[in-house]
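Report on one structure; see the data block that follows.
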Amino acid sequence: MREYITELSKYIIPALMAVYTLCSFVHLAGETAGNRTVSGKTALYTAQNIIMFFMQLFMFTDLALVSGDLEYVFFYVFVQIFLLAAAVMVPAIYDRIDRLLLNNMCMLTGTGLCIISRISFQQAVRQYIIVLLSLAVALFIPWILTQIHFLKKLTWVYGSAGIVMLGMVLLYSEVTYGAEISFTIGGLTFQPSEFVKIIFVFFLAGALWENVSFGRVALTAVFAGAHVVILVLSKDLGSALIFFVGYVFVVFAATKNYLYLLAGAAGGSAAALGAYKLFGHVRDRVITWLNPWTYIDKEGFSITQSLFAIGSGSWFGMGLLKGNPRAIPFVEKDFIFSSVCEELGVIFGICVILISMACFLEMMRMAALIKDRFYQLIVYGIGIMYIFQIFLTIGGGIKLIPLTGVTLPFISYGGSSVMTTMIMFFLIQGIYIRLQQEGGRQSVRKAEKRPGRAGTDPQKDR
């Protein structure tokens with residue numbers, strides 16, 4: 001019986017994931033066309049939640065049956081508590097929240113906790129605790145955004161604070177695999193550059209929301225360049241690339257000037273060439289990207305093992321605990337996508353990409369609706385940095401681009417990454433809620449200003 005259940009799960013899990021993904025894009029199509037009713041939206045959200053909980057049930061059942069270890073059963077219960085709290089409690093607190101972003105966040109986080117528990121149960125427990133703390137912190141963000149009205153006035157505070165924080169990392173952080181990127185306090189390791197992403201986006205939005213003159217763009221470039229240079233000196237080149245791309249596209253969103261995109265492409269190419277000349281590990285990654293099979297015993301070992309894992313998984317995967325993801329160095333961080341494809345299948349992996357893309361498209365749709373340029377640029381910036389990080393992680397793991405060593409949001413092991421990404425998602429939720437509240441107030445004000453019919457009392461008409 002155990003073999004029948006685990007074998008059937010190989011096909012059921014990717015099928016459920018595919019249906020969930022289809023629901024996301026049906027929602028996006030309806031929102032874009034503007035013909036989705038409230039009942040239709042609710043039905044889609046409910047279907048996504050049901051699919052998510054059934055997927056979790058099948059995945060953790062597989063883990064428990066194959067391993068024979070009851071700790072997966074207990075961990076399953078705790079993961080479902082988090083998912084219920086996020087999927088049910090958050091909409092109850094904020095009735096105007098964007099449910100698609102919330103559901104996709106839950107789906108990706110639940111998948112990440114499952115995959116990490118398969119690789120290392122102790123790491124999964126630590127990740128779960130950080131996920132709970134992240135949700136507790138993020139819950140306050142939408143409320144805070146509706147109460148605070150001076151965020152636009154702190155532009156240069158954001159820029160200076162980000163530079164100072166990254167400078168502290170450069171001077172005092174620990175060296176992790178050749179890069180100075182993290183601190184360890186009380187046994188907990190955190191990466192400040194992840195949190196600086198948020199401050200950086202606020203800085204860009206504050207600097208460009210009302211002034212897009214060449215002088216302002218140049219001054220913003222100086223501050224943004226300082227962030228990138230410090231990250232390069234810390235040898236955190238993946239984060240430096242994310243910050244740089246975020247700056248270029250936010251400037252383009254603010255100015256609509258294609259010359260800035262061209263200048264960014266030229267500057268990025270020159271910086272990439274400089275990094276290749278200056279840093280030995282960058283040259284190693286480029287060489288192994290071009291031909292990893294020649295260096296399979298040394299520099300190319302990680303990427304070749306990643307490709308073997310994806311290929312061995314085929315469309316439906318080998319099944320949880322039936323692959324060998326630990327053969328890939330740093331699999332829980334840099335190559336988690338390869339582990340997903342190996343044991344859950346390439347179909348499942350493609351759906352992870354599509355769900356992440358659906359999140360990005362929803363962010364862009366929301367940004368297009370926002371009239372306040374400051375908050376619009378924040379949403380643009382978060383969306384660009386989020387999707388570009390996904391491109392770097394998955395692209396490096398499948399040999400599309402050289403490996404950069406950044407995490408896959410919500411899925412990879414890493415407390416700083418999951419907390420920062422959740423805060424970013426709730427920042428967008430808070431801006432979305434604020435947009436709806438202000439739209440409602442404007443509608444009320446227009447109704448109050450509308451003259452009453454002849455012979456009637458406007459107060460009674462209201």
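Note on naming: chains are A, B, ... as they come in the structure tokens, residues start from 1 per chain, ligands start from 1 in the order shown.
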Using only C-alpha atoms, which residues sit within 8 Å of Ile423 of chain A once same-chain residues fewer than 4 positions away are excluded, as a PDB file with N, CA and C atoms, in the first residue's frame?
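So out01.pdb came out as:
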ATOM      1  N   SER A 134       8.544  36.154  10.751  1.00  0.00           N
ATOM      2  CA  SER A 134       8.382  37.051   9.611  1.00  0.00           C
ATOM      3  C   SER A 134       6.919  37.420   9.410  1.00  0.00           C
ATOM      4  N   VAL A 137       5.797  39.896  12.069  1.00  0.00           N
ATOM      5  CA  VAL A 137       6.270  41.256  11.786  1.00  0.00           C
ATOM      6  C   VAL A 137       5.515  41.851  10.601  1.00  0.00           C
ATOM      7  N   ALA A 138       5.368  41.052   9.545  1.00  0.00           N
ATOM      8  CA  ALA A 138       4.760  41.552   8.307  1.00  0.00           C
ATOM      9  C   ALA A 138       3.291  41.919   8.488  1.00  0.00           C
ATOM     10  N   ILE A 141       2.627  45.606   8.835  1.00  0.00           N
ATOM     11  CA  ILE A 141       3.070  46.533   7.795  1.00  0.00           C
ATOM     12  C   ILE A 141       1.911  47.230   7.090  1.00  0.00           C
ATOM     13  N   MET A 419      12.472  36.381   5.307  1.00  0.00           N
ATOM     14  CA  MET A 419      11.888  37.496   6.046  1.00  0.00           C
ATOM     15  C   MET A 419      11.799  38.741   5.177  1.00  0.00           C
ATOM     16  N   LEU A 427       4.552  44.865   2.128  1.00  0.00           N
ATOM     17  CA  LEU A 427       4.626  46.277   1.767  1.00  0.00           C
ATOM     18  C   LEU A 427       3.725  46.554   0.562  1.00  0.00           C
TER      19      LEU A 427
END
Thr146 of chain A environment, 10 Å, only C-alpha atoms, sequence neighbours closer than 3 positions dropped, as a ChimeraX atom specification: /A:141-143,149,430-431,433-435,437-438
Write a file of the selected residues as a CSV table (one decimal), in the first residue's frame, keeping N, CA, C and O atoms.
chain,number,residue,atom,x,y,z
A,141,ILE,N,2.6,45.6,8.8
A,141,ILE,CA,3.1,46.5,7.8
A,141,ILE,C,1.9,47.2,7.1
A,141,ILE,O,1.9,48.5,6.9
A,142,PRO,N,0.9,46.5,6.6
A,142,PRO,CA,-0.2,47.2,6.0
A,142,PRO,C,-0.9,48.3,6.9
A,142,PRO,O,-1.2,49.4,6.4
A,143,TRP,N,-1.0,48.0,8.2
A,143,TRP,CA,-1.6,49.0,9.1
A,143,TRP,C,-0.7,50.2,9.2
A,143,TRP,O,-1.1,51.3,9.2
A,149,HIS,N,2.5,59.0,7.2
A,149,HIS,CA,2.4,59.9,6.0
A,149,HIS,C,3.6,60.7,5.7
A,149,HIS,O,3.5,61.7,4.9
A,430,GLY,N,0.2,46.4,1.7
A,430,GLY,CA,-0.2,47.7,2.4
A,430,GLY,C,-0.4,48.8,1.4
A,430,GLY,O,-1.4,49.6,1.6
A,431,ILE,N,0.4,48.9,0.4
A,431,ILE,CA,0.2,50.0,-0.6
A,431,ILE,C,-1.1,49.7,-1.3
A,431,ILE,O,-1.9,50.7,-1.6
A,433,ILE,N,-3.8,48.2,-0.2
A,433,ILE,CA,-4.9,48.5,0.7
A,433,ILE,C,-5.1,50.0,0.8
A,433,ILE,O,-6.2,50.5,0.8
A,434,ARG,N,-4.0,50.7,0.9
A,434,ARG,CA,-4.0,52.2,1.0
A,434,ARG,C,-4.6,52.8,-0.3
A,434,ARG,O,-5.4,53.7,-0.2
A,435,LEU,N,-4.2,52.2,-1.4
A,435,LEU,CA,-4.8,52.7,-2.7
A,435,LEU,C,-6.3,52.5,-2.7
A,435,LEU,O,-7.0,53.4,-3.1
A,437,GLN,N,-8.4,52.3,-0.1
A,437,GLN,CA,-9.0,53.2,0.9
A,437,GLN,C,-9.0,54.6,0.4
A,437,GLN,O,-10.1,55.3,0.5
A,438,GLU,N,-8.0,55.1,-0.2
A,438,GLU,CA,-8.0,56.4,-0.8
A,438,GLU,C,-8.9,56.6,-1.9
A,438,GLU,O,-9.6,57.6,-2.1
Hey, which bits of segment 96-143 of chain A sit within 8 Å of segment 47-68 of chain A, and for each residue what's the closest pair of atoms and how far apart in Å (one decimal), counting only C-alpha atoms, rows by chain and increasing number, as JSON lines?
{"residue": "A:Asn103", "atom": "CA", "partner": "A:Asn49", "partner_atom": "CA", "distance": 7.0}
{"residue": "A:Met107", "atom": "CA", "partner": "A:Met52", "partner_atom": "CA", "distance": 6.2}
{"residue": "A:Gly110", "atom": "CA", "partner": "A:Gln56", "partner_atom": "CA", "distance": 7.4}
{"residue": "A:Thr111", "atom": "CA", "partner": "A:Gln56", "partner_atom": "CA", "distance": 7.7}
{"residue": "A:Cys114", "atom": "CA", "partner": "A:Phe60", "partner_atom": "CA", "distance": 7.1}
{"residue": "A:Arg118", "atom": "CA", "partner": "A:Leu63", "partner_atom": "CA", "distance": 7.2}
Go ahead and save the picked residues with N, CA and C atoms, as a PDB file, in the first residue's frame.
ATOM      1  N   ASN A 103      -1.911  34.028  -1.598  1.00  0.00           N
ATOM      2  CA  ASN A 103      -1.959  32.592  -1.853  1.00  0.00           C
ATOM      3  C   ASN A 103      -0.648  32.078  -2.445  1.00  0.00           C
ATOM      4  N   MET A 107       1.835  29.253  -0.991  1.00  0.00           N
ATOM      5  CA  MET A 107       2.195  28.067  -1.776  1.00  0.00           C
ATOM      6  C   MET A 107       3.707  27.895  -1.864  1.00  0.00           C
ATOM      7  N   GLY A 110       5.222  27.132   1.687  1.00  0.00           N
ATOM      8  CA  GLY A 110       4.936  25.759   2.085  1.00  0.00           C
ATOM      9  C   GLY A 110       5.773  24.756   1.320  1.00  0.00           C
ATOM     10  N   THR A 111       5.949  24.989   0.022  1.00  0.00           N
ATOM     11  CA  THR A 111       6.799  24.114  -0.782  1.00  0.00           C
ATOM     12  C   THR A 111       8.236  24.157  -0.296  1.00  0.00           C
ATOM     13  N   CYS A 114       8.710  22.176   2.919  1.00  0.00           N
ATOM     14  CA  CYS A 114       8.684  20.739   2.647  1.00  0.00           C
ATOM     15  C   CYS A 114      10.016  20.268   2.067  1.00  0.00           C
ATOM     16  N   ARG A 118      13.049  17.850   3.780  1.00  0.00           N
ATOM     17  CA  ARG A 118      13.553  16.637   3.144  1.00  0.00           C
ATOM     18  C   ARG A 118      15.085  16.623   3.117  1.00  0.00           C
TER      19      ARG A 118
END
Do you know which residues are at most 10 Å from Gly246 of chain A counting only C-alpha atoms, after dropping those on the same chain fewer than 4 positions away, and could you put them as an MDAnalysis selection string? chainID A and resid 197 200:201 204 224 240:242 250:252 380:386 388
Residue selection dump (all heavy atoms) as a compact mmCIF listing (two decimals), in the first residue's frame:
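Full text of selection-v2.txt as output:
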# COMPACT_ATOMS: atom_id res chain seq x y z
N LYS A 197 17.78 45.98 0.77
CA LYS A 197 16.96 46.03 -0.46
C LYS A 197 15.72 46.89 -0.25
O LYS A 197 15.35 47.69 -1.12
CB LYS A 197 16.52 44.63 -0.86
CG LYS A 197 17.57 43.75 -1.48
CD LYS A 197 16.92 42.40 -1.80
CE LYS A 197 17.95 41.38 -2.23
NZ LYS A 197 17.35 40.05 -2.44
N PHE A 200 16.63 50.51 0.06
CA PHE A 200 17.11 50.98 -1.24
C PHE A 200 15.94 51.33 -2.16
O PHE A 200 15.96 52.36 -2.85
CB PHE A 200 17.98 49.89 -1.87
CG PHE A 200 18.63 50.28 -3.16
CD1 PHE A 200 19.64 51.23 -3.19
CD2 PHE A 200 18.25 49.68 -4.36
CE1 PHE A 200 20.25 51.59 -4.39
CE2 PHE A 200 18.85 50.03 -5.56
CZ PHE A 200 19.85 50.98 -5.58
N VAL A 201 14.91 50.49 -2.17
CA VAL A 201 13.74 50.77 -3.00
C VAL A 201 13.05 52.05 -2.54
O VAL A 201 12.62 52.87 -3.36
CB VAL A 201 12.77 49.57 -2.99
CG1 VAL A 201 11.45 49.94 -3.66
CG2 VAL A 201 13.39 48.37 -3.68
N LEU A 204 15.09 55.02 -3.81
CA LEU A 204 14.89 55.31 -5.23
C LEU A 204 13.55 55.98 -5.48
O LEU A 204 13.45 56.95 -6.24
CB LEU A 204 14.99 54.01 -6.04
CG LEU A 204 16.36 53.31 -6.07
CD1 LEU A 204 16.26 52.02 -6.87
CD2 LEU A 204 17.43 54.22 -6.64
N ALA A 224 23.22 55.19 -5.35
CA ALA A 224 23.02 53.80 -5.76
C ALA A 224 24.35 53.14 -6.07
O ALA A 224 24.59 51.97 -5.70
CB ALA A 224 22.10 53.74 -6.98
N ALA A 240 24.91 42.74 -5.56
CA ALA A 240 25.30 43.96 -6.28
C ALA A 240 24.57 44.04 -7.62
O ALA A 240 24.08 45.10 -8.02
CB ALA A 240 26.81 43.98 -6.50
N LEU A 241 24.44 42.91 -8.30
CA LEU A 241 23.75 42.88 -9.59
C LEU A 241 22.26 43.17 -9.42
O LEU A 241 21.66 43.88 -10.23
CB LEU A 241 23.97 41.51 -10.24
CG LEU A 241 23.51 41.34 -11.69
CD1 LEU A 241 24.14 42.40 -12.59
CD2 LEU A 241 23.87 39.94 -12.19
N ILE A 242 21.66 42.64 -8.36
CA ILE A 242 20.23 42.89 -8.11
C ILE A 242 20.00 44.38 -7.83
O ILE A 242 19.05 44.99 -8.35
CB ILE A 242 19.74 42.03 -6.94
CG1 ILE A 242 19.75 40.56 -7.34
CG2 ILE A 242 18.34 42.44 -6.50
CD1 ILE A 242 19.48 39.60 -6.18
N VAL A 250 14.05 51.14 -12.12
CA VAL A 250 13.24 52.15 -11.43
C VAL A 250 13.46 53.52 -12.08
O VAL A 250 12.49 54.29 -12.24
CB VAL A 250 13.58 52.19 -9.93
CG1 VAL A 250 12.93 53.40 -9.26
CG2 VAL A 250 13.11 50.92 -9.24
N VAL A 251 14.68 53.81 -12.46
CA VAL A 251 14.94 55.07 -13.18
C VAL A 251 14.16 55.10 -14.48
O VAL A 251 13.55 56.12 -14.85
CB VAL A 251 16.45 55.25 -13.45
CG1 VAL A 251 16.69 56.39 -14.44
CG2 VAL A 251 17.19 55.54 -12.15
N PHE A 252 14.15 53.98 -15.19
CA PHE A 252 13.39 53.93 -16.44
C PHE A 252 11.89 54.09 -16.20
O PHE A 252 11.20 54.81 -16.93
CB PHE A 252 13.65 52.60 -17.16
CG PHE A 252 12.78 52.40 -18.37
CD1 PHE A 252 12.97 53.17 -19.51
CD2 PHE A 252 11.78 51.45 -18.36
CE1 PHE A 252 12.16 53.00 -20.63
CE2 PHE A 252 10.96 51.27 -19.47
CZ PHE A 252 11.15 52.05 -20.61
N TYR A 380 7.06 48.95 -8.31
CA TYR A 380 7.90 48.61 -9.46
C TYR A 380 9.25 48.06 -9.00
O TYR A 380 9.73 47.03 -9.49
CB TYR A 380 8.14 49.83 -10.34
CG TYR A 380 7.08 50.07 -11.39
CD1 TYR A 380 6.51 51.34 -11.54
CD2 TYR A 380 6.64 49.05 -12.23
CE1 TYR A 380 5.54 51.59 -12.50
CE2 TYR A 380 5.66 49.29 -13.19
CZ TYR A 380 5.11 50.55 -13.31
OH TYR A 380 4.14 50.80 -14.26
N GLY A 381 9.89 48.76 -8.08
CA GLY A 381 11.22 48.36 -7.62
C GLY A 381 11.21 46.99 -6.97
O GLY A 381 12.09 46.15 -7.25
N ILE A 382 10.25 46.75 -6.09
CA ILE A 382 10.17 45.45 -5.43
C ILE A 382 9.92 44.36 -6.46
O ILE A 382 10.54 43.28 -6.41
CB ILE A 382 9.05 45.46 -4.37
CG1 ILE A 382 9.46 46.35 -3.18
CG2 ILE A 382 8.74 44.04 -3.89
CD1 ILE A 382 8.37 46.52 -2.14
N GLY A 383 9.02 44.60 -7.40
CA GLY A 383 8.72 43.60 -8.42
C GLY A 383 9.93 43.26 -9.27
O GLY A 383 10.20 42.08 -9.53
N ILE A 384 10.68 44.27 -9.69
CA ILE A 384 11.86 44.03 -10.52
C ILE A 384 12.92 43.26 -9.76
O ILE A 384 13.50 42.28 -10.28
CB ILE A 384 12.43 45.38 -11.02
CG1 ILE A 384 11.48 46.02 -12.03
CG2 ILE A 384 13.81 45.19 -11.64
CD1 ILE A 384 11.29 45.22 -13.30
N MET A 385 13.20 43.66 -8.53
CA MET A 385 14.24 42.98 -7.75
C MET A 385 13.82 41.54 -7.43
O MET A 385 14.65 40.62 -7.44
CB MET A 385 14.54 43.76 -6.47
CG MET A 385 15.13 45.14 -6.74
SD MET A 385 15.44 46.12 -5.26
CE MET A 385 17.05 45.51 -4.78
N TYR A 386 12.54 41.33 -7.18
CA TYR A 386 12.04 39.98 -6.88
C TYR A 386 12.21 39.05 -8.09
O TYR A 386 12.79 37.97 -7.98
CB TYR A 386 10.57 40.07 -6.48
CG TYR A 386 9.85 38.74 -6.42
CD1 TYR A 386 10.08 37.84 -5.38
CD2 TYR A 386 8.94 38.38 -7.42
CE1 TYR A 386 9.42 36.62 -5.34
CE2 TYR A 386 8.27 37.16 -7.37
CZ TYR A 386 8.52 36.29 -6.33
OH TYR A 386 7.87 35.07 -6.30
N PHE A 388 14.04 39.44 -10.78
CA PHE A 388 15.43 39.31 -11.24
C PHE A 388 16.21 38.35 -10.36
O PHE A 388 17.05 37.59 -10.85
CB PHE A 388 16.11 40.68 -11.28
CG PHE A 388 17.46 40.64 -11.93
CD1 PHE A 388 17.59 40.36 -13.28
CD2 PHE A 388 18.61 40.87 -11.19
CE1 PHE A 388 18.83 40.31 -13.89
CE2 PHE A 388 19.86 40.83 -11.78
CZ PHE A 388 19.98 40.55 -13.15
Could you find all residues in segment 14-221 of chain A that DSSP calls helix (DSSP H, G or I) from the backbone, and write them as a VMD selection string? chain A and resid 14 to 33 38 to 67 71 to 93 99 to 119 121 to 138 141 to 147 151 to 172 192 to 208 214 to 221
One-decimal distance in Å that lies between atom CA of Phe374 of chain A and atom CA of Leu408 of chain A: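 Calculated distance between atom CA of Leu408 of chain A and atom CA of Phe374 of chain A is 27.5 Å.
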Find the spatial neighbours of Ile411 of chain A, counting only C-alpha atoms, within a cut-off of 9 Å - ignore same-chain residues fewer than 3 positions away - and output them as number ranges by chain. A: 108-113, 115-116, 332-333, 336-337, 407-408, 414, 418
